[in-house]
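Student: Sharing a structure here in structure tokens format.
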Amino acid sequence: MVKLAAVLAVPLALLATVASLGVMVVDVREGGPNGHHIVVPVPLVLAQAAVALAPADKLRVPENEGLQHVGVAREVLEALAKAPDGELVRVEERDELVVITKEGGQIHVRVHGSKGEDVNVNVPLHVALQALPDAHGRISALALAESLSAVRFTDLVDVRDGNDHVRVYVW
Amino acid sequence: MRKSVLVGIGLAALVSLPAKGAIAQTGTPWIHVRVEEAKKASKVSVNLPLTVVEAALQAAPEILEKQGKLHLGGHHDLSLADMRNLWKQLAAAGDAEIVSVESPDENVKVTRKGNLIQVLVDQKPKAGKTPEAGPAAKAEQVRVEVPVSVVDALFSGEGDTVNVKAAVAELQKLRGDIVQVHDEDTTVRVWIDEQNAQAARK
């Protein structure tokens, strides 16, 4: 009995450690009677390690005109992070509703189609800021990896289309 | 008795809590843009805290400064220095009709009334159409109202630069409509208040 407990303790402790550090879950449910249900849990530490160890040249944005606007994007994101919450954009059309709101440190994008499609995306502002390259086009892998740990208990993406449902969340 | 007290407290708490997503006074000035297109049944609302606009404009004006000039149409370039001088002369003149253009297509009037610069553009119905001919013949109207202090602030920069920071700081004091455009199909309204969404969906 003690042996069994000892054998089970190691994987359970590992599982608990991984869970306590956070898990990103990709959950895909296909509609229909034969629809698949795929759940891919990725420990956040693995994702952070992958980002942190990514080759520097792969985390570099080529220097072009687009890079000139990164400064503006950074200023805007920083100002948005400090700004009060509110509805930033609402587009109402015959067959689509798009609403972008700022709530706390997140930007929520909600798209609702007339045929029942629903897309919800939550962008944590601090992650978006860390994902922006510097003036030389370099993205700081370490800062980006660190910022991921602060997105726990967040639904990043939720897409429903008919009976299909895709969800990406951090637990 | 105890139950009714609890219900009362619960209701009071509900009333005092701001509802999620509710329109609220934030104390921060927000600029609102609303575009409605009747034919497309489309309504677009953009609401931004002026602090965000200020940040964007402060980071972006090098685009304007690189050019050094405001381009007012194809062959009518005026340098900022010219415009600044022109503005100083006009500001000294007090209330006046600054520009008045009457043509078969449109009437344009730029006037100064007290602390406001008003730009009124009335585009006449296209030839062959009359207002009685129906909605397709409707005229286009543009109303722009800018406080003198905002223009003063904009031109307070040196040389070929505009002082965007000072202009936005002046805008932060402004409340109410700035721009209204009406044409046969589209309505555009730009205004500033302290609400974090578009109240009453005007």
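FYI, nothing fancy with the structure tokens labels: chains A, B, ... in order, residues from 1 per chain, ligands from 1 as they appear.
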Enumerate as a PyMOL selection string the residues belonging to chain A that approach chain B to within 12 Å, with only C-alpha atoms taken into account.
Tutor: chain A and resi 65+68-104+108
Student: Give me the residues within 10 Å of Glu102 (chain B) as a PyMOL selection string, counting only C-alpha atoms and dropping any in the same chain fewer than 6 places off.
Tutor: chain B and resi 108-109+122
Student: Which polymer residues have any atom within 7 Å of an atom of Val110 (chain B), counting only C-alpha atoms, with same-chain residues fewer than 3 positions away left out, as an mmCIF file with N, CA and C atoms, in the first residue's frame?
Tutor:
data_model
loop_
_atom_site.group_PDB
_atom_site.id
_atom_site.type_symbol
_atom_site.label_atom_id
_atom_site.label_comp_id
_atom_site.auth_asym_id
_atom_site.auth_seq_id
_atom_site.Cartn_x
_atom_site.Cartn_y
_atom_site.Cartn_z
ATOM 1 N N GLU B 97 -16.645 87.039 -40.816
ATOM 2 C CA GLU B 97 -16.798 85.986 -41.815
ATOM 3 C C GLU B 97 -15.441 85.870 -42.509
ATOM 4 N N ILE B 98 -14.768 84.781 -42.269
ATOM 5 C CA ILE B 98 -13.389 84.655 -42.754
ATOM 6 C C ILE B 98 -13.367 84.252 -44.225
ATOM 7 N N VAL B 99 -14.191 83.299 -44.553
ATOM 8 C CA VAL B 99 -14.244 82.824 -45.953
ATOM 9 C C VAL B 99 -15.702 82.687 -46.353
ATOM 10 N N SER B 100 -16.010 83.100 -47.541
ATOM 11 C CA SER B 100 -17.358 82.883 -48.065
ATOM 12 C C SER B 100 -17.236 82.584 -49.556
ATOM 13 N N GLN B 118 -16.453 78.325 -37.073
ATOM 14 C CA GLN B 118 -17.478 77.466 -37.678
ATOM 15 C C GLN B 118 -17.213 77.325 -39.172
ATOM 16 N N VAL B 119 -17.224 76.108 -39.625
ATOM 17 C CA VAL B 119 -17.081 75.837 -41.062
ATOM 18 C C VAL B 119 -18.388 75.210 -41.519
ATOM 19 N N LEU B 120 -19.037 75.852 -42.449
ATOM 20 C CA LEU B 120 -20.304 75.342 -42.970
ATOM 21 C C LEU B 120 -20.175 75.100 -44.461
#
Student: May I have the residues within 10 Å of Lys173 (chain B) as a ChimeraX atom specification, using only C-alpha atoms and disregarding those fewer than 4 positions away in the same chain?
Tutor: /B:29,150,168-169,192-193
Student: Can you write out the residues you just picked, keeping N, CA and C atoms, as a PDB file, in the first residue's frame?
Tutor:
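This went into again_34.pdb:
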ATOM      1  N   PRO B  29     -12.149  62.613 -20.678  1.00  0.00           N
ATOM      2  CA  PRO B  29     -12.828  62.939 -21.933  1.00  0.00           C
ATOM      3  C   PRO B  29     -12.656  61.837 -22.992  1.00  0.00           C
ATOM      4  N   VAL B 150      -8.298  75.787 -29.605  1.00  0.00           N
ATOM      5  CA  VAL B 150      -7.689  74.565 -30.156  1.00  0.00           C
ATOM      6  C   VAL B 150      -6.777  74.924 -31.334  1.00  0.00           C
ATOM      7  N   VAL B 168      -4.498  68.810 -28.354  1.00  0.00           N
ATOM      8  CA  VAL B 168      -5.284  67.754 -27.694  1.00  0.00           C
ATOM      9  C   VAL B 168      -5.599  68.170 -26.258  1.00  0.00           C
ATOM     10  N   ALA B 169      -4.645  68.872 -25.618  1.00  0.00           N
ATOM     11  CA  ALA B 169      -4.902  69.354 -24.254  1.00  0.00           C
ATOM     12  C   ALA B 169      -6.095  70.303 -24.253  1.00  0.00           C
ATOM     13  N   ILE B 192     -17.339  65.072 -28.150  1.00  0.00           N
ATOM     14  CA  ILE B 192     -16.548  64.728 -26.963  1.00  0.00           C
ATOM     15  C   ILE B 192     -17.441  64.802 -25.728  1.00  0.00           C
ATOM     16  N   ASP B 193     -17.380  63.779 -24.907  1.00  0.00           N
ATOM     17  CA  ASP B 193     -18.021  63.831 -23.592  1.00  0.00           C
ATOM     18  C   ASP B 193     -17.213  62.956 -22.643  1.00  0.00           C
TER      19      ASP B 193
END
Student: Which distance in Å separates CA of Glu63 (chain A) and CA of Val51 (chain A), to one decimal?
Tutor: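 Going from CA of Glu63 (chain A) over to CA of Val51 (chain A) covers 21.3 Å.
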Student: Write out as a count of residues only the residues lying within 8 Å of Gly31 (chain A), counting only C-alpha atoms and excluding same-chain residues fewer than 5 positions away.
Tutor: 5
Student: To test your reading of the structure, identify every residue in region 83-143 of chain A that backbone DSSP assigns to alpha helix (DSSP H), and report it as a ChimeraX atom specification.
Tutor: /A:125-131,141-143
Student: Find the distance between CA of Leu67 (chain A) and CA of Thr161 (chain B) and write it in Å to one decimal.
Tutor: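 For CA of Leu67 (chain A) relative to CA of Thr161 (chain B), the distance reads 23.3 Å.
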Student: Rounded to one decimal in Å, what is the spacing between CA of His182 (chain B) and CA of Pro125 (chain B)?
Tutor: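 Atom-to-atom, CA of His182 (chain B) and CA of Pro125 (chain B) are spaced 12.8 Å apart.
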Student: Just the residues within 12 Å of Asn85 (chain B), please, counting only C-alpha atoms, with nothing from its chain fewer than 2 positions along; format it as a VMD selection string.
Tutor: chain B and resid 78 to 83 87 to 92 152 155 to 156 158 to 160
Student: Restricting it to all heavy atoms, dump the selection as a short mmCIF file (atom, residue, chain, number, x, y, z; two decimals), in the first residue's frame.
Tutor:
data_model
loop_
_atom_site.label_atom_id
_atom_site.label_comp_id
_atom_site.auth_asym_id
_atom_site.auth_seq_id
_atom_site.Cartn_x
_atom_site.Cartn_y
_atom_site.Cartn_z
N LEU B 78 0.30 75.17 -48.52
CA LEU B 78 0.59 76.29 -47.63
C LEU B 78 1.52 75.75 -46.56
O LEU B 78 1.25 74.71 -45.99
CB LEU B 78 -0.69 76.77 -46.95
CG LEU B 78 -1.45 77.95 -47.53
CD1 LEU B 78 -2.65 78.25 -46.63
CD2 LEU B 78 -0.60 79.18 -47.67
N SER B 79 2.61 76.46 -46.30
CA SER B 79 3.48 75.99 -45.23
C SER B 79 2.81 76.28 -43.90
O SER B 79 1.94 77.16 -43.80
CB SER B 79 4.84 76.69 -45.30
OG SER B 79 4.69 78.02 -44.86
N LEU B 80 3.22 75.57 -42.87
CA LEU B 80 2.63 75.80 -41.56
C LEU B 80 2.93 77.22 -41.09
O LEU B 80 2.11 77.85 -40.43
CB LEU B 80 3.18 74.78 -40.56
CG LEU B 80 2.44 73.46 -40.53
CD1 LEU B 80 3.17 72.46 -39.65
CD2 LEU B 80 1.02 73.64 -40.02
N ALA B 81 4.12 77.69 -41.44
CA ALA B 81 4.49 79.07 -41.05
C ALA B 81 3.52 80.07 -41.68
O ALA B 81 3.06 81.01 -41.01
CB ALA B 81 5.92 79.36 -41.47
N ASP B 82 3.18 79.86 -42.95
CA ASP B 82 2.21 80.73 -43.63
C ASP B 82 0.86 80.68 -42.93
O ASP B 82 0.21 81.70 -42.70
CB ASP B 82 2.04 80.30 -45.10
CG ASP B 82 3.29 80.53 -45.91
OD1 ASP B 82 4.12 81.36 -45.48
OD2 ASP B 82 3.45 79.88 -46.97
N MET B 83 0.45 79.45 -42.63
CA MET B 83 -0.87 79.28 -42.00
C MET B 83 -0.89 79.92 -40.62
O MET B 83 -1.90 80.50 -40.20
CB MET B 83 -1.21 77.79 -41.90
CG MET B 83 -1.53 77.18 -43.25
SD MET B 83 -2.04 75.48 -43.11
CE MET B 83 -3.69 75.67 -42.50
N TRP B 87 -3.34 82.84 -39.47
CA TRP B 87 -4.19 82.66 -38.30
C TRP B 87 -4.04 83.83 -37.33
O TRP B 87 -5.01 84.31 -36.75
CB TRP B 87 -3.88 81.33 -37.63
CG TRP B 87 -4.64 81.13 -36.34
CD1 TRP B 87 -4.12 81.07 -35.09
CD2 TRP B 87 -6.06 81.01 -36.20
NE1 TRP B 87 -5.12 80.92 -34.17
CE2 TRP B 87 -6.33 80.88 -34.82
CE3 TRP B 87 -7.13 81.01 -37.09
CZ2 TRP B 87 -7.61 80.73 -34.32
CZ3 TRP B 87 -8.42 80.87 -36.59
CH2 TRP B 87 -8.65 80.74 -35.22
N LYS B 88 -2.81 84.31 -37.16
CA LYS B 88 -2.57 85.44 -36.24
C LYS B 88 -3.34 86.68 -36.70
O LYS B 88 -3.94 87.40 -35.90
CB LYS B 88 -1.07 85.76 -36.17
CG LYS B 88 -0.33 84.90 -35.14
CD LYS B 88 1.14 85.28 -35.08
CE LYS B 88 1.90 84.30 -34.22
NZ LYS B 88 3.35 84.43 -34.39
N GLN B 89 -3.31 86.91 -38.02
CA GLN B 89 -4.04 88.06 -38.57
C GLN B 89 -5.54 87.91 -38.33
O GLN B 89 -6.22 88.86 -37.92
CB GLN B 89 -3.80 88.17 -40.10
CG GLN B 89 -2.35 88.21 -40.52
CD GLN B 89 -1.69 89.53 -40.17
OE1 GLN B 89 -2.35 90.56 -40.13
NE2 GLN B 89 -0.40 89.49 -39.89
N LEU B 90 -6.04 86.69 -38.57
CA LEU B 90 -7.48 86.45 -38.42
C LEU B 90 -7.90 86.55 -36.96
O LEU B 90 -8.96 87.09 -36.65
CB LEU B 90 -7.83 85.06 -38.96
CG LEU B 90 -7.75 84.89 -40.47
CD1 LEU B 90 -7.93 83.43 -40.85
CD2 LEU B 90 -8.83 85.74 -41.16
N ALA B 91 -7.05 86.03 -36.08
CA ALA B 91 -7.38 86.05 -34.65
C ALA B 91 -7.50 87.49 -34.16
O ALA B 91 -8.35 87.80 -33.32
CB ALA B 91 -6.33 85.29 -33.87
N ALA B 92 -6.66 88.35 -34.71
CA ALA B 92 -6.67 89.76 -34.29
C ALA B 92 -7.92 90.46 -34.78
O ALA B 92 -8.36 91.47 -34.20
CB ALA B 92 -5.43 90.46 -34.82
N ASP B 152 -5.45 77.89 -31.84
CA ASP B 152 -4.31 78.63 -31.24
C ASP B 152 -3.25 77.65 -30.77
O ASP B 152 -2.05 77.83 -31.03
CB ASP B 152 -4.79 79.44 -30.03
CG ASP B 152 -5.38 80.79 -30.44
OD1 ASP B 152 -5.08 81.23 -31.56
OD2 ASP B 152 -6.15 81.37 -29.65
N PHE B 155 -1.31 75.88 -33.52
CA PHE B 155 -0.30 76.73 -34.18
C PHE B 155 0.74 77.28 -33.20
O PHE B 155 1.54 78.14 -33.57
CB PHE B 155 -0.98 77.88 -34.92
CG PHE B 155 -1.67 77.45 -36.17
CD1 PHE B 155 -2.93 77.92 -36.49
CD2 PHE B 155 -1.04 76.58 -37.06
CE1 PHE B 155 -3.58 77.52 -37.66
CE2 PHE B 155 -1.68 76.18 -38.22
CZ PHE B 155 -2.94 76.64 -38.52
N SER B 156 0.73 76.80 -31.97
CA SER B 156 1.70 77.32 -31.00
C SER B 156 3.07 76.67 -31.14
O SER B 156 3.99 77.02 -30.42
CB SER B 156 1.17 77.14 -29.57
OG SER B 156 1.07 75.76 -29.28
N GLU B 158 6.65 75.67 -33.20
CA GLU B 158 7.65 76.51 -33.88
C GLU B 158 7.85 76.04 -35.32
O GLU B 158 7.75 74.84 -35.61
CB GLU B 158 8.99 76.42 -33.15
CG GLU B 158 8.98 77.02 -31.74
CD GLU B 158 8.78 78.53 -31.75
OE1 GLU B 158 9.34 79.20 -32.63
OE2 GLU B 158 8.03 79.04 -30.88
N GLY B 159 8.16 76.99 -36.19
CA GLY B 159 8.53 76.65 -37.57
C GLY B 159 7.47 75.84 -38.28
O GLY B 159 6.29 76.21 -38.27
N ASP B 160 7.87 74.72 -38.85
CA ASP B 160 6.95 73.90 -39.64
C ASP B 160 6.33 72.77 -38.82
O ASP B 160 6.06 71.69 -39.34
CB ASP B 160 7.68 73.32 -40.86
CG ASP B 160 7.57 74.27 -42.05
OD1 ASP B 160 6.74 75.19 -41.99
OD2 ASP B 160 8.33 74.10 -43.01
#
Student: Mind listing the strand (DSSP E or B) residues of region 5-123 of chain A, per DSSP on the backbone, as an MDAnalysis selection string?
Tutor: chainID A and resid 23:29 37:43 60 86:93 96:103 106:113 118:123
Student: Smallest atom-to-atom distance to Asp57 (chain A): which of A:Gly137, A:Gly105, A:Pro41, A:Gly35, using only C-alpha atoms?
Tutor: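 Nearest candidate to Asp57 (chain A) out of A:Gly137, A:Gly105, A:Pro41, A:Gly35: A:Gly137.
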